[in-house]
file run-v5.txt (compact mmCIF, C-alpha atoms)
# COMPACT_ATOMS: atom_id res chain seq x y z
CA LYS A 1 0.00 0.00 0.00
CA LYS A 2 2.85 2.35 0.88
CA LYS A 3 4.55 1.57 -2.43
CA ALA A 4 1.28 2.22 -4.23
CA ARG A 5 1.04 5.68 -2.66
CA GLU A 6 4.62 6.47 -3.62
CA GLY A 7 3.83 5.40 -7.17
CA CYS A 8 7.23 6.07 -8.67
CA SER A 9 8.84 3.32 -6.57
CA LEU A 10 7.04 0.79 -8.77
CA PRO A 11 9.13 1.01 -11.95
CA ASP A 12 7.68 -2.16 -13.44
CA LEU A 13 4.16 -0.71 -13.58
CA SER A 14 2.72 1.67 -16.14
CA TRP A 15 1.64 5.11 -14.96
CA GLU A 16 -1.99 4.01 -15.22
CA GLU A 17 -1.30 0.99 -13.01
CA ARG A 18 0.55 3.17 -10.51
CA LEU A 19 -2.44 5.48 -10.26
CA ALA A 20 -4.83 2.55 -9.89
CA SER A 21 -2.61 1.13 -7.13
CA ALA A 22 -2.58 4.49 -5.36
CA VAL A 23 -6.29 5.34 -5.64
CA THR A 24 -7.89 1.89 -5.80
CA PRO A 25 -5.30 -0.48 -4.28
CA LEU A 26 -7.70 -3.45 -4.16
CA TRP A 27 -8.70 -3.22 -7.83
CA ARG A 28 -7.01 -6.50 -8.77
CA LEU A 29 -8.82 -8.53 -6.09
CA PRO A 30 -12.16 -10.30 -6.63
CA TYR A 31 -14.87 -8.35 -4.82
CA GLN A 32 -15.45 -10.94 -2.08
CA GLU A 33 -11.74 -10.78 -1.25
CA GLN A 34 -11.94 -7.00 -1.08
CA LEU A 35 -14.71 -7.31 1.50
CA GLN A 36 -12.63 -9.71 3.56
CA VAL A 37 -9.67 -7.31 3.54
CA LYS A 38 -11.94 -4.54 4.79
CA TYR A 39 -13.47 -6.76 7.46
CA GLU A 40 -10.02 -7.53 8.84
CA SER A 41 -9.08 -3.85 8.95
CA GLN A 42 -12.30 -2.99 10.83
CA ARG A 43 -11.68 -5.86 13.23
CA LYS A 44 -8.25 -4.44 14.07
CA ILE A 45 -9.78 -1.02 14.67
CA LEU A 46 -12.27 -2.47 17.16
CA GLN A 47 -9.46 -4.39 18.86
CA THR A 48 -7.51 -1.15 19.19
CA LEU A 49 -10.55 0.59 20.65
CA ALA A 50 -11.02 -2.25 23.16
CA THR A 51 -7.37 -1.96 24.22
CA ARG A 52 -7.60 1.82 24.58
CA LEU A 53 -10.76 1.50 26.65
CA GLU A 54 -9.07 -1.10 28.88
CA GLU A 55 -6.29 1.44 29.49
CA LEU A 56 -8.98 3.82 30.77
CA GLY A 57 -10.15 1.18 33.24
CA ILE A 58 -13.19 0.10 31.22
CA ASP A 59 -13.87 -3.63 30.87
CA ALA A 60 -14.46 -3.60 27.12
CA GLN A 61 -12.98 -6.91 25.94
CA LYS A 62 -15.49 -9.05 24.08
CA PRO A 63 -14.94 -12.28 22.09
CA GLY A 64 -12.02 -11.92 19.70
CA GLY A 65 -10.64 -9.00 21.68
CA LEU A 66 -13.19 -6.62 20.13
CA CYS A 67 -14.99 -3.86 22.00
CA CYS A 68 -18.34 -5.02 20.56
CA PRO A 69 -19.73 -7.48 17.99
CA LEU A 70 -18.67 -6.80 14.41
CA GLN A 71 -21.00 -7.77 11.58
CA PRO A 72 -19.75 -8.70 8.07
CA VAL A 73 -19.10 -5.84 5.65
CA VAL A 74 -22.30 -4.90 3.83
CA PRO A 75 -21.43 -4.93 0.09
CA SER A 76 -22.01 -2.03 -2.25
CA PRO A 77 -24.92 -2.54 -4.68
CA ILE A 78 -22.69 -1.06 -7.41
CA ILE A 79 -19.02 -2.06 -7.66
CA ASN A 80 -17.73 -0.14 -10.70
CA GLY A 81 -18.29 3.51 -11.64
CA TYR A 82 -20.15 4.20 -8.42
CA ARG A 83 -18.68 7.64 -7.60
CA ASN A 84 -21.06 10.58 -8.03
CA LYS A 85 -18.30 13.14 -7.35
CA SER A 86 -14.70 13.27 -8.60
CA THR A 87 -12.02 15.91 -8.11
CA PHE A 88 -9.31 16.33 -10.75
CA SER A 89 -6.05 18.23 -10.45
CA VAL A 90 -4.07 20.04 -13.16
CA ASN A 91 -0.32 19.44 -13.24
CA ARG A 92 2.52 17.96 -15.30
CA GLY A 93 1.80 14.55 -16.73
CA PRO A 94 4.26 11.69 -17.23
CA ASP A 95 4.84 13.03 -20.77
CA GLY A 96 5.73 16.50 -19.45
CA ASN A 97 2.43 18.14 -20.47
CA PRO A 98 1.89 20.83 -17.78
CA LYS A 99 -1.84 20.90 -18.53
CA THR A 100 -2.66 17.28 -17.76
CA VAL A 101 -6.02 16.84 -15.99
CA GLY A 102 -6.00 13.82 -13.70
CA LEU A 103 -4.99 12.54 -10.28
CA TYR A 104 -1.65 12.70 -8.51
CA VAL A 105 0.87 9.88 -8.30
CA GLY A 106 4.00 10.31 -6.17
CA THR A 107 4.79 12.40 -3.10
CA GLY A 108 5.76 15.99 -2.51
CA LYS A 109 8.52 14.83 -0.17
CA ALA A 110 10.15 12.76 -2.90
CA ARG A 111 9.43 15.49 -5.47
CA ASN A 112 8.22 12.90 -7.95
CA ILE A 113 4.59 14.01 -8.32
CA VAL A 114 2.98 13.64 -11.71
CA CYS A 115 -0.64 14.01 -12.80
CA VAL A 116 -2.02 10.89 -14.47
CA LYS A 117 -5.25 10.71 -16.45
CA ALA A 118 -7.97 8.71 -14.68
CA ASP A 119 -9.39 6.99 -17.77
CA HIS A 120 -8.80 3.48 -16.40
CA LEU A 121 -10.01 3.92 -12.78
CA GLU A 122 -12.82 1.47 -12.11
CA ASN A 123 -14.52 3.50 -9.35
CA MET A 124 -15.12 6.50 -11.61
CA PRO A 125 -18.00 6.66 -14.13
CA PRO A 126 -17.33 7.39 -17.83
CA LYS A 127 -19.05 10.79 -17.61
CA HIS A 128 -16.48 12.10 -15.12
CA LYS A 129 -13.63 10.96 -17.36
CA GLN A 130 -15.30 12.59 -20.36
CA VAL A 131 -15.63 15.99 -18.63
CA ALA A 132 -12.01 15.79 -17.45
CA GLN A 133 -10.83 15.09 -21.00
CA CYS A 134 -12.83 18.04 -22.35
CA TYR A 135 -11.47 20.36 -19.65
CA GLU A 136 -7.94 19.31 -20.59
CA GLU A 137 -8.70 20.04 -24.24
CA PHE A 138 -9.97 23.50 -23.27
CA ILE A 139 -6.99 24.51 -21.13
CA CYS A 140 -4.53 23.12 -23.72
CA ARG A 141 -6.07 25.59 -26.20
CA SER A 142 -5.89 28.43 -23.66
CA PRO A 143 -2.97 30.88 -23.63
CA LEU A 144 -3.16 30.88 -19.83
CA ASP A 145 -0.86 28.50 -17.99
CA SER A 146 -1.94 25.94 -15.43
CA CYS A 147 -1.38 26.88 -11.79
CA ILE A 148 0.99 24.19 -10.59
CA LEU A 149 2.39 26.20 -7.66
CA PHE A 150 0.59 29.34 -6.45
CA HIS A 151 3.75 31.44 -6.07
CA GLU A 152 4.96 30.58 -9.58
CA GLY A 153 1.86 31.98 -11.26
CA GLY A 154 -0.46 30.24 -13.67
CA HIS A 155 -4.22 30.06 -13.62
CA TRP A 156 -6.06 26.84 -14.51
CA ARG A 157 -6.59 24.62 -11.50
CA GLU A 158 -9.02 22.03 -10.20
CA LEU A 159 -12.08 20.43 -11.77
CA VAL A 160 -14.90 18.88 -9.75
CA VAL A 161 -17.53 16.77 -11.52
CA ARG A 162 -20.79 15.75 -9.84
CA THR A 163 -23.36 13.44 -11.43
CA THR A 164 -26.66 11.91 -10.39
CA SER A 165 -28.65 8.83 -11.31
CA ARG A 166 -31.17 11.18 -12.93
CA GLY A 167 -28.57 11.97 -15.62
CA HIS A 168 -27.54 15.37 -14.33
CA THR A 169 -23.92 16.57 -14.58
CA MET A 170 -22.34 19.53 -12.78
CA ALA A 171 -18.82 20.76 -13.53
CA ILE A 172 -17.01 23.21 -11.23
CA ILE A 173 -13.82 24.77 -12.59
CA THR A 174 -11.38 26.60 -10.34
CA LEU A 175 -9.03 29.31 -11.57
CA HIS A 176 -6.34 31.24 -9.69
CA PRO A 177 -6.85 34.88 -10.77
CA GLN A 178 -3.24 35.93 -10.01
CA GLU A 179 -3.05 39.46 -11.53
CA LEU A 180 -5.90 39.10 -14.01
CA GLY A 181 -8.31 42.02 -14.10
CA GLN A 182 -12.08 41.69 -14.24
CA GLU A 183 -12.21 42.10 -18.02
CA ALA A 184 -9.71 39.27 -18.53
CA LEU A 185 -11.61 37.05 -16.07
CA ASP A 186 -14.88 37.76 -17.88
CA THR A 187 -13.21 36.76 -21.16
CA GLN A 188 -12.13 33.40 -19.69
CA LYS A 189 -15.60 32.74 -18.33
CA ALA A 190 -17.15 33.50 -21.71
CA LEU A 191 -14.67 31.17 -23.44
CA LEU A 192 -15.44 28.38 -20.96
CA LYS A 193 -19.17 28.77 -21.47
CA GLU A 194 -18.77 28.79 -25.25
CA PHE A 195 -16.58 25.67 -25.20
CA PHE A 196 -19.05 23.64 -23.14
CA THR A 197 -22.27 24.94 -24.72
CA SER A 198 -21.40 25.28 -28.42
CA GLY A 199 -17.86 23.89 -28.77
CA PRO A 200 -16.30 20.43 -28.32
CA GLY A 201 -17.45 20.35 -24.68
CA THR A 202 -21.10 20.07 -25.70
CA VAL A 203 -20.64 16.27 -25.72
CA CYS A 204 -20.59 16.49 -21.89
CA ASP A 205 -24.21 17.75 -21.89
CA LEU A 206 -23.64 19.71 -18.67
CA THR A 207 -26.63 20.50 -16.51
CA SER A 208 -24.59 23.09 -14.59
CA LEU A 209 -21.26 24.81 -15.28
CA TYR A 210 -19.74 26.67 -12.35
CA PHE A 211 -16.63 28.82 -12.08
CA GLN A 212 -14.72 29.82 -8.96
CA GLU A 213 -11.80 32.20 -8.52
CA SER A 214 -9.65 30.81 -5.73
CA THR A 215 -6.34 31.94 -4.25
CA MET A 216 -6.38 29.08 -1.76
CA THR A 217 -6.24 25.30 -2.02
CA ARG A 218 -9.93 25.13 -1.05
CA CYS A 219 -12.46 27.96 -0.96
CA THR A 220 -15.98 27.89 0.44
CA HIS A 221 -18.82 29.68 -1.32
CA GLU A 222 -18.64 32.36 1.39
CA GLN A 223 -14.91 32.92 0.76
CA SER A 224 -15.23 33.00 -3.02
CA PRO A 225 -18.70 32.54 -4.53
CA TYR A 226 -19.41 29.81 -7.06
CA GLN A 227 -20.39 31.61 -10.27
CA LEU A 228 -22.95 29.86 -12.47
CA LEU A 229 -21.84 30.22 -16.09
CA HIS A 230 -24.44 27.95 -17.66
CA GLY A 231 -27.45 25.82 -16.84
CA GLU A 232 -29.25 25.09 -13.60
CA PRO A 233 -28.01 26.21 -10.17
CA HIS A 234 -28.55 22.71 -8.75
CA ILE A 235 -28.59 19.09 -9.75
CA PHE A 236 -31.05 16.59 -8.30
CA GLU A 237 -30.81 13.07 -6.92
CA GLU A 238 -33.36 10.52 -5.72
CA LEU A 239 -32.72 8.54 -2.56
CA LEU A 240 -35.18 6.15 -0.89
CA GLY A 241 -38.11 7.72 -2.72
CA LEU A 242 -37.13 11.31 -1.87
CA LYS A 243 -35.75 14.02 -4.15
CA PHE A 244 -32.64 15.92 -3.08
CA ARG A 245 -31.20 19.19 -4.39
CA ILE A 246 -27.41 19.40 -4.50
CA SER A 247 -25.36 22.62 -4.51
CA PRO A 248 -21.73 22.81 -5.73
CA ASP A 249 -20.15 22.43 -2.28
CA ALA A 250 -22.84 20.44 -0.46
CA PHE A 251 -21.87 17.09 1.07
CA PHE A 252 -23.56 14.05 -0.42
CA GLN A 253 -22.38 10.45 -0.02
CA VAL A 254 -20.26 9.61 -3.08
CA ASN A 255 -21.98 6.23 -3.55
CA THR A 256 -25.71 6.90 -3.92
CA ALA A 257 -26.82 3.26 -4.09
CA GLY A 258 -24.61 2.44 -1.11
CA ALA A 259 -26.04 5.41 0.80
CA GLU A 260 -29.55 3.98 0.44
CA VAL A 261 -28.42 0.73 2.08
CA LEU A 262 -26.55 2.66 4.78
CA TYR A 263 -29.45 4.97 5.66
CA GLN A 264 -31.94 2.12 5.82
CA ALA A 265 -29.69 0.39 8.34
CA VAL A 266 -29.27 3.62 10.33
CA GLY A 267 -33.05 3.88 10.55
CA GLU A 268 -33.28 0.35 11.94
CA LEU A 269 -30.38 0.78 14.37
CA SER A 270 -31.74 4.06 15.71
CA GLN A 271 -34.85 2.23 16.98
CA ALA A 272 -36.56 5.58 16.51
CA THR A 273 -40.32 5.62 17.01
CA GLY A 274 -43.11 8.12 16.64
CA ASP A 275 -42.16 9.95 19.83
CA THR A 276 -38.42 10.13 19.09
CA VAL A 277 -36.52 13.34 18.31
CA LEU A 278 -33.65 12.66 15.89
CA LEU A 279 -30.56 14.83 16.17
CA ASP A 280 -28.69 14.79 12.83
CA ILE A 281 -25.23 16.28 13.42
CA CYS A 282 -23.17 17.22 10.33
CA CYS A 283 -26.35 16.70 8.32
CA GLY A 284 -25.16 17.98 4.92
CA THR A 285 -28.17 18.33 2.61
CA GLY A 286 -30.34 16.58 5.22
CA THR A 287 -30.30 13.11 3.66
CA ILE A 288 -30.22 11.04 6.86
CA GLY A 289 -32.75 13.13 8.76
CA LEU A 290 -35.16 13.41 5.86
CA THR A 291 -35.08 9.69 5.06
CA LEU A 292 -35.95 8.96 8.71
CA ALA A 293 -38.34 11.87 9.24
CA ARG A 294 -41.51 9.86 8.73
CA GLN A 295 -40.66 7.45 11.55
CA VAL A 296 -39.85 10.12 14.18
CA SER A 297 -41.68 13.04 15.72
CA LYS A 298 -39.01 15.62 14.84
CA VAL A 299 -35.61 15.99 13.16
CA ILE A 300 -33.06 18.64 14.15
CA GLY A 301 -30.17 18.94 11.68
CA VAL A 302 -26.95 20.90 12.21
CA GLU A 303 -24.47 21.71 9.42
CA VAL A 304 -21.64 24.24 8.93
CA VAL A 305 -22.09 24.70 5.14
CA GLU A 306 -24.82 27.32 4.68
CA LYS A 307 -25.65 26.28 1.12
CA ALA A 308 -26.16 22.69 2.30
CA ILE A 309 -28.63 23.91 4.92
CA GLU A 310 -30.48 25.85 2.19
CA ASP A 311 -30.60 22.60 0.22
CA ALA A 312 -31.81 20.66 3.28
CA LYS A 313 -34.66 23.14 3.86
CA TRP A 314 -35.62 23.01 0.19
CA ASN A 315 -35.46 19.21 0.22
CA ALA A 316 -37.78 19.06 3.24
CA ALA A 317 -40.31 21.44 1.67
CA PHE A 318 -40.23 19.78 -1.76
CA ASN A 319 -40.78 16.32 -0.27
CA GLY A 320 -43.63 17.57 1.91
CA ILE A 321 -41.74 16.94 5.17
CA SER A 322 -42.67 19.45 7.85
CA ASN A 323 -41.13 18.01 11.02
CA CYS A 324 -37.51 18.95 10.24
CA GLU A 325 -35.59 21.91 11.62
CA PHE A 326 -32.18 22.68 10.10
CA ARG A 327 -29.64 24.97 11.75
CA SER A 328 -26.60 26.48 10.05
CA GLY A 329 -23.34 26.90 11.94
CA LYS A 330 -20.43 25.02 13.41
CA ALA A 331 -21.68 22.08 15.46
CA GLU A 332 -19.41 23.09 18.36
CA ALA A 333 -21.21 26.46 18.49
CA VAL A 334 -24.78 25.33 17.81
CA LEU A 335 -25.01 22.04 19.69
CA PRO A 336 -23.91 23.01 23.24
CA GLN A 337 -26.45 25.83 23.23
CA LEU A 338 -29.15 23.55 21.87
CA LEU A 339 -28.58 20.69 24.32
CA SER A 340 -27.71 22.66 27.47
CA SER A 341 -31.34 23.68 27.85
CA TRP A 342 -32.83 20.43 26.55
CA GLU A 343 -35.70 19.49 28.83
CA ASP A 344 -37.89 17.63 26.39
CA ALA A 345 -39.18 14.36 27.80
CA GLN A 346 -39.21 12.72 24.36
CA PRO A 347 -36.48 10.15 23.57
CA LEU A 348 -33.52 11.80 21.82
CA VAL A 349 -31.40 9.77 19.37
CA ALA A 350 -28.24 11.28 17.87
CA VAL A 351 -26.70 10.43 14.50
CA VAL A 352 -23.30 11.95 13.70
CA ASN A 353 -21.60 11.77 10.30
CA PRO A 354 -18.55 14.05 10.52
CA SER A 355 -15.68 14.55 8.11
CA ARG A 356 -12.38 12.75 8.63
CA ALA A 357 -11.46 15.43 11.16
CA GLY A 358 -14.06 13.94 13.51
CA LEU A 359 -16.22 15.85 15.97
CA HIS A 360 -14.98 18.90 17.82
CA TYR A 361 -14.41 18.21 21.51
CA ARG A 362 -17.21 20.62 22.50
CA VAL A 363 -19.65 18.60 20.37
CA VAL A 364 -18.70 15.34 22.10
CA ARG A 365 -18.96 17.05 25.47
CA ALA A 366 -22.44 18.40 24.67
CA ILE A 367 -23.64 14.93 23.60
CA ARG A 368 -22.04 13.24 26.58
CA ASN A 369 -23.53 15.70 29.08
CA CYS A 370 -27.06 15.58 27.63
CA THR A 371 -28.79 12.90 29.70
CA SER A 372 -31.65 12.63 27.19
CA ILE A 373 -29.37 11.04 24.57
CA ARG A 374 -29.30 7.31 25.33
CA ARG A 375 -28.51 6.09 21.83
CA LEU A 376 -25.87 7.40 19.44
CA LEU A 377 -24.93 6.28 15.93
CA TYR A 378 -21.46 7.38 14.81
CA ILE A 379 -20.85 7.05 11.05
CA SER A 380 -17.18 7.30 10.15
CA CYS A 381 -15.24 6.92 6.90
CA LYS A 382 -11.98 6.86 8.88
CA PRO A 383 -12.60 5.27 12.30
CA GLU A 384 -8.89 4.72 12.91
CA GLY A 385 -8.26 8.49 12.68
CA GLU A 386 -9.71 11.35 14.71
CA ALA A 387 -12.93 9.39 15.18
CA MET A 388 -11.02 7.11 17.56
CA ARG A 389 -10.44 10.13 19.82
CA ASN A 390 -14.18 10.79 19.77
CA PHE A 391 -14.95 7.16 20.67
CA LEU A 392 -12.71 7.38 23.73
CA GLU A 393 -14.20 10.72 24.79
CA LEU A 394 -17.69 9.25 24.56
CA CYS A 395 -16.82 6.13 26.56
CA CYS A 396 -14.26 7.27 29.15
CA PRO A 397 -15.18 7.50 32.87
CA PRO A 398 -16.59 10.88 33.97
CA ASP A 399 -13.82 13.50 34.06
CA PRO A 400 -14.76 16.80 35.75
CA ARG A 401 -11.47 18.35 34.60
CA LYS A 402 -12.53 17.91 30.98
CA LYS A 403 -16.15 18.74 31.87
CA LEU A 404 -17.20 15.23 30.82
CA THR A 405 -19.63 14.72 33.67
CA GLY A 406 -22.31 12.71 31.92
CA GLU A 407 -22.68 8.94 32.08
CA PRO A 408 -20.32 7.25 29.60
CA PHE A 409 -21.53 5.52 26.46
CA ALA A 410 -20.55 1.97 25.52
CA PRO A 411 -20.08 0.52 22.00
CA VAL A 412 -22.60 -2.28 21.43
CA LEU A 413 -22.51 -3.03 17.68
CA ALA A 414 -20.37 -2.25 14.64
CA ILE A 415 -21.44 -2.62 11.00
CA PRO A 416 -19.09 -1.73 8.12
CA PHE A 417 -20.59 -0.63 4.80
CA ASP A 418 -18.55 -0.81 1.63
CA MET A 419 -19.19 2.60 0.11
CA PHE A 420 -15.85 2.62 -1.71
CA PRO A 421 -15.21 -0.61 -3.70
CA HIS A 422 -11.62 -1.17 -4.94
CA THR A 423 -10.24 1.11 -2.18
CA VAL A 424 -9.19 0.12 1.34
CA HIS A 425 -11.86 2.35 2.88
CA CYS A 426 -15.35 1.62 4.11
CA GLU A 427 -17.94 3.40 6.21
CA LEU A 428 -18.22 2.12 9.77
CA VAL A 429 -21.44 2.55 11.73
CA LEU A 430 -20.75 2.22 15.43
CA LEU A 431 -23.73 2.08 17.78
CA PHE A 432 -23.25 3.48 21.29
CA THR A 433 -25.79 3.24 24.10
CA ARG A 434 -25.94 4.07 27.80
call {"tool": "encode", "arguments": {"input": "run-v5.txt", "output": "C-alpha cells"}}
result
Amino acid sequence: KKKAREGCSLPDLSWEERLASAVTPLWRLPYQEQLQVKYESQRKILQTLATRLEELGIDAQKPGGLCCPLQPVVPSPIINGYRNKSTFSVNRGPDGNPKTVGLYVGTGKARNIVCVKADHLENMPPKHKQVAQCYEEFICRSPLDSCILFHEGGHWRELVVRTTSRGHTMAIITLHPQELGQEALDTQKALLKEFFTSGPGTVCDLTSLYFQESTMTRCTHEQSPYQLLHGEPHIFEELLGLKFRISPDAFFQVNTAGAEVLYQAVGELSQATGDTVLLDICCGTGTIGLTLARQVSKVIGVEVVEKAIEDAKWNAAFNGISNCEFRSGKAEAVLPQLLSSWEDAQPLVAVVNPSRAGLHYRVVRAIRNCTSIRRLLYISCKPEGEAMRNFLELCCPPDPRKKLTGEPFAPVLAIPFDMFPHTVHCELVLLFTR
C-alpha cells in the first residue's frame, strides 16, 4: 500500500497501473476478497478501541478482543463507476504536459509528483472521465498556464464533476486569478461557457457549469462565490423515494446506491419511534434526517455549510416533510447551546456523520452531558483516525477536569458498509448506548 502511494517506486508498472494502485489499491482482487480485507481492517480497529478503553479502566474486551460485535461488511450494490463526485487536479503529466487533468501519483517529499489521467479507474463513471478530458482540451487551447504552484503563477486549476442517477452533470472549474483584471476574467468565463455549450465540450451535456476564482487550495462559497456560467443552479438526486437538491459544495455520499443501504440500516439501528426526536449532526443536505423523518416526531439537523442547509430546507419542503428543523453553523457552536437547555421528555437519538477530522471536543462534550441522549450512531469513513479520539471521549469515565460529567456511552454493535469498492476504505457505523 505504501509503495502504491509512492507510485514512482514501482518502476515495473505503467503510470496508469501506478495510479490505480494508489487510488484503488484493491482493484485487482475479486470483490469478495476485497470485502474480507476490509473486514479484517475494521476488526483491528475495534481491537484497538477495546485496548484503549481497557487502558482507561473500562472492561471492554469481548470475544475476539473486540470492543463489541462486528457484523460482516455490507457490500455495495454497485461495484464499478459508483462515484457521483470526482475531483481532478491540473499538473505535469508523465509526458511532461503541464496541462494534464487527472490525479496525482507520487509524493511531494520525494518530489516525484505527476498528474495521471484517470481513464482506467474502475470506481469512476465514464461521464467524469469525459468531462475531465474536455477540460484538458480547453486549457490546452488556452494561452493561460496551469497553476501548478501558487507562487509561480499560472491560472487553470481544479475540476470537480458531480453526477446523479437522474442523468444530471455539474462541472465546477477553479481558476487562480493571479493578476488578471475583471475584463480578462470575464473573457475566460465567456470562453469556458462557449466551449461547453457550443464547442467540443457540448458532448458532456452539462446541466450546470460553475466557475470559482480561488487563491487558496480550497475555498468555500462564502470565501469565493461559485459563479454559475451555464445551466441550472442545482442538480437533483433521488434517494429512498425522496428528491434531493445538490449545490456545488454540499456534502452528499459519493456512492448513492450504497447510501440507500446505509441509511436504511441507520433507521433500523436508531430504533426511533413516533415519539423520538432525531438529532442529525453534520447533516449535509439533510439526507439522513429526511429519510428517517416519517418514523420520528421531529428531526433537528446541524451543518456548517450554509448552502447545504439551504438545500436541506428546500429538500424538506419539496418532499412535503414538515417536522424537520435545520440549523446552520459550526456544530461546536450550535449544539452546546441547543442541548444545554434540553428538557424535552421525548427520547432523543443522535446520528453523527462528521468529516475525517471527527467531531470537535465541545460537540462530544455536549452529547455526553445531555442525559436525554441514550442512543448514538457514529458514522465514520476513517474510524482509525480522529474518530477514535471521539470514541474514547464518549466512553471514558466521567472526568470533571474535561467537563465530561455525563454517564459514559458503551459501544454495542459495529457494522461496516462498503461505500468505496476497490479502495481500502469503508464506512463504519458504530452504535453506542448508555
call {"tool": "residues_around", "arguments": {"input": "run-v5.txt", "residues": "Gly301 (chain A)", "least_positions_apart": "5", "cutoff": "12 Å", "atoms": "only C-alpha atoms", "output": "PyMOL selection string"}}
result
chain A and resi 277-290+292-293+308-310+312-313+316+323-331+334-335+338+350-353
call {"tool": "atom_distance", "arguments": {"input": "run-v5.txt", "atom1": "CA of Gln47 (chain A)", "atom2": "CA of Cys67 (chain A)"}}
result
6.4 Å
call {"tool": "closest_residue", "arguments": {"input": "run-v5.txt", "among": "A:Ile235, A:Leu229, A:Cys204, A:Val73", "to": "Lys127 (chain A)", "atoms": "all atoms listed in the file"}}
result
A:Cys204
call {"tool": "residues_around", "arguments": {"input": "run-v5.txt", "residues": "Ala259 (chain A)", "least_positions_apart": "4", "cutoff": "10 Å", "atoms": "all atoms listed in the file", "output": "ChimeraX atom specification"}}
result
/A:76-77,239-240,252-255,263-265,287-288,417-419,427
call {"tool": "write_last_selection", "arguments": {"input": "run-v5.txt", "atoms": "C-alpha atoms", "output": "tab-separated table (two decimals), in the coordinates of the input"}}
result
chain	number	residue	atom	x	y	z
A	76	SER	CA	-22.01	-2.03	-2.25
A	77	PRO	CA	-24.92	-2.54	-4.68
A	239	LEU	CA	-32.72	8.54	-2.56
A	240	LEU	CA	-35.18	6.15	-0.89
A	252	PHE	CA	-23.56	14.05	-0.42
A	253	GLN	CA	-22.38	10.45	-0.02
A	254	VAL	CA	-20.26	9.61	-3.08
A	255	ASN	CA	-21.98	6.23	-3.55
A	263	TYR	CA	-29.45	4.97	5.66
A	264	GLN	CA	-31.94	2.12	5.82
A	265	ALA	CA	-29.69	0.39	8.34
A	287	THR	CA	-30.30	13.11	3.66
A	288	ILE	CA	-30.22	11.04	6.86
A	417	PHE	CA	-20.59	-0.63	4.80
A	418	ASP	CA	-18.55	-0.81	1.63
A	419	MET	CA	-19.19	2.60	0.11
A	427	GLU	CA	-17.94	3.40	6.21
call {"tool": "atom_distance", "arguments": {"input": "run-v5.txt", "atom1": "CA of Ala357 (chain A)", "atom2": "CA of Ile379 (chain A)"}}
result
12.6 Å
call {"tool": "closest_residue", "arguments": {"input": "run-v5.txt", "among": "A:Val74, A:Ala184, A:Leu121, A:Leu13", "to": "Pro143 (chain A)", "atoms": "only C-alpha atoms"}}
result
A:Ala184
call {"tool": "closest_residue", "arguments": {"input": "run-v5.txt", "among": "A:Phe88, A:Met216, A:Val116, A:Gly231", "to": "Val160 (chain A)", "atoms": "all atoms listed in the file"}}
result
A:Phe88
call {"tool": "atom_distance", "arguments": {"input": "run-v5.txt", "atom1": "CA of Phe244 (chain A)", "atom2": "CA of Met124 (chain A)"}}
result
21.6 Å
call {"tool": "closest_residue", "arguments": {"input": "run-v5.txt", "among": "A:Tyr210, A:Phe318, A:Phe195, A:Trp15", "to": "Arg245 (chain A)", "atoms": "all atoms listed in the file"}}
result
A:Phe318
call {"tool": "closest_residue", "arguments": {"input": "run-v5.txt", "among": "A:Lys38, A:Arg365, A:Arg83, A:Arg28", "to": "His425 (chain A)", "atoms": "all atoms listed in the file"}}
result
A:Lys38
call {"tool": "residues_around", "arguments": {"input": "run-v5.txt", "residues": "Asn123 (chain A)", "least_positions_apart": "3", "cutoff": "6 Å", "atoms": "all atoms listed in the file", "output": "number ranges by chain"}}
result
A: 80-82
call {"tool": "axis_aligned_box", "arguments": {"input": "run-v5.txt", "around": "region 197-209 of chain A", "padding_each_side": "3 Å", "output": "AutoDock Vina command-line options"}}
result
--center_x -21.5 --center_y 20.8 --center_z -21.7 --size_x 16.3 --size_y 15.0 --size_z 20.2
call {"tool": "closest_atom_pairs", "arguments": {"input": "run-v5.txt", "of": "region 126-232 of chain A", "to": "region 94-105 of chain A", "cutoff": "12 Å", "atoms": "all atoms listed in the file", "output": "CSV"}}
result
residue,atom,partner,partner_atom,distance
A:His128,CA,A:Gly102,CA,10.7
A:Lys129,CA,A:Gly102,CA,8.9
A:Gln130,CA,A:Val101,CA,11.1
A:Val131,CA,A:Val101,CA,10.0
A:Ala132,CA,A:Val101,CA,6.3
A:Gln133,CA,A:Val101,CA,7.2
A:Cys134,CA,A:Val101,CA,9.4
A:Tyr135,CA,A:Val101,CA,7.4
A:Glu136,CA,A:Val101,CA,5.6
A:Glu137,CA,A:Lys99,CA,9.0
A:Phe138,CA,A:Lys99,CA,9.8
A:Ile139,CA,A:Lys99,CA,6.8
A:Cys140,CA,A:Lys99,CA,6.3
A:Arg141,CA,A:Lys99,CA,9.9
A:Ser142,CA,A:Lys99,CA,10.0
A:Pro143,CA,A:Lys99,CA,11.3
A:Leu144,CA,A:Lys99,CA,10.2
A:Asp145,CA,A:Lys99,CA,7.7
A:Ser146,CA,A:Lys99,CA,5.9
A:Cys147,CA,A:Lys99,CA,9.0
A:Ile148,CA,A:Pro98,CA,8.0
A:Leu149,CA,A:Pro98,CA,11.5
A:Gly154,CA,A:Pro98,CA,10.5
A:His155,CA,A:Lys99,CA,10.7
A:Trp156,CA,A:Lys99,CA,8.3
A:Arg157,CA,A:Val101,CA,9.0
A:Glu158,CA,A:Val101,CA,8.3
A:Leu159,CA,A:Val101,CA,8.2
A:Val160,CA,A:Gly102,CA,11.0
A:Ile173,CA,A:Val101,CA,11.6
call {"tool": "residues_around", "arguments": {"input": "run-v5.txt", "residues": "Ser224 (chain A)", "least_positions_apart": "3", "cutoff": "8 Å", "atoms": "all atoms listed in the file", "output": "PDB file with C-alpha atoms, in the frame of the given file"}}
result
ATOM      1  CA  GLN A 212     -14.720  29.820  -8.960  1.00  0.00           C
ATOM      2  CA  GLU A 213     -11.800  32.200  -8.520  1.00  0.00           C
ATOM      3  CA  SER A 214      -9.650  30.810  -5.730  1.00  0.00           C
ATOM      4  CA  CYS A 219     -12.460  27.960  -0.960  1.00  0.00           C
ATOM      5  CA  THR A 220     -15.980  27.890   0.440  1.00  0.00           C
ATOM      6  CA  HIS A 221     -18.820  29.680  -1.320  1.00  0.00           C
TER       7      HIS A 221
END
call {"tool": "residues_around", "arguments": {"input": "run-v5.txt", "residues": "region 381-396 of chain A", "least_positions_apart": "4", "cutoff": "10 Å", "atoms": "all atoms listed in the file", "output": "number ranges by chain"}}
result
A: 41-42, 44-46, 48-50, 52-58, 353-361, 363-365, 367-369, 376, 402, 404, 406-411, 416-420, 425-430, 432-434
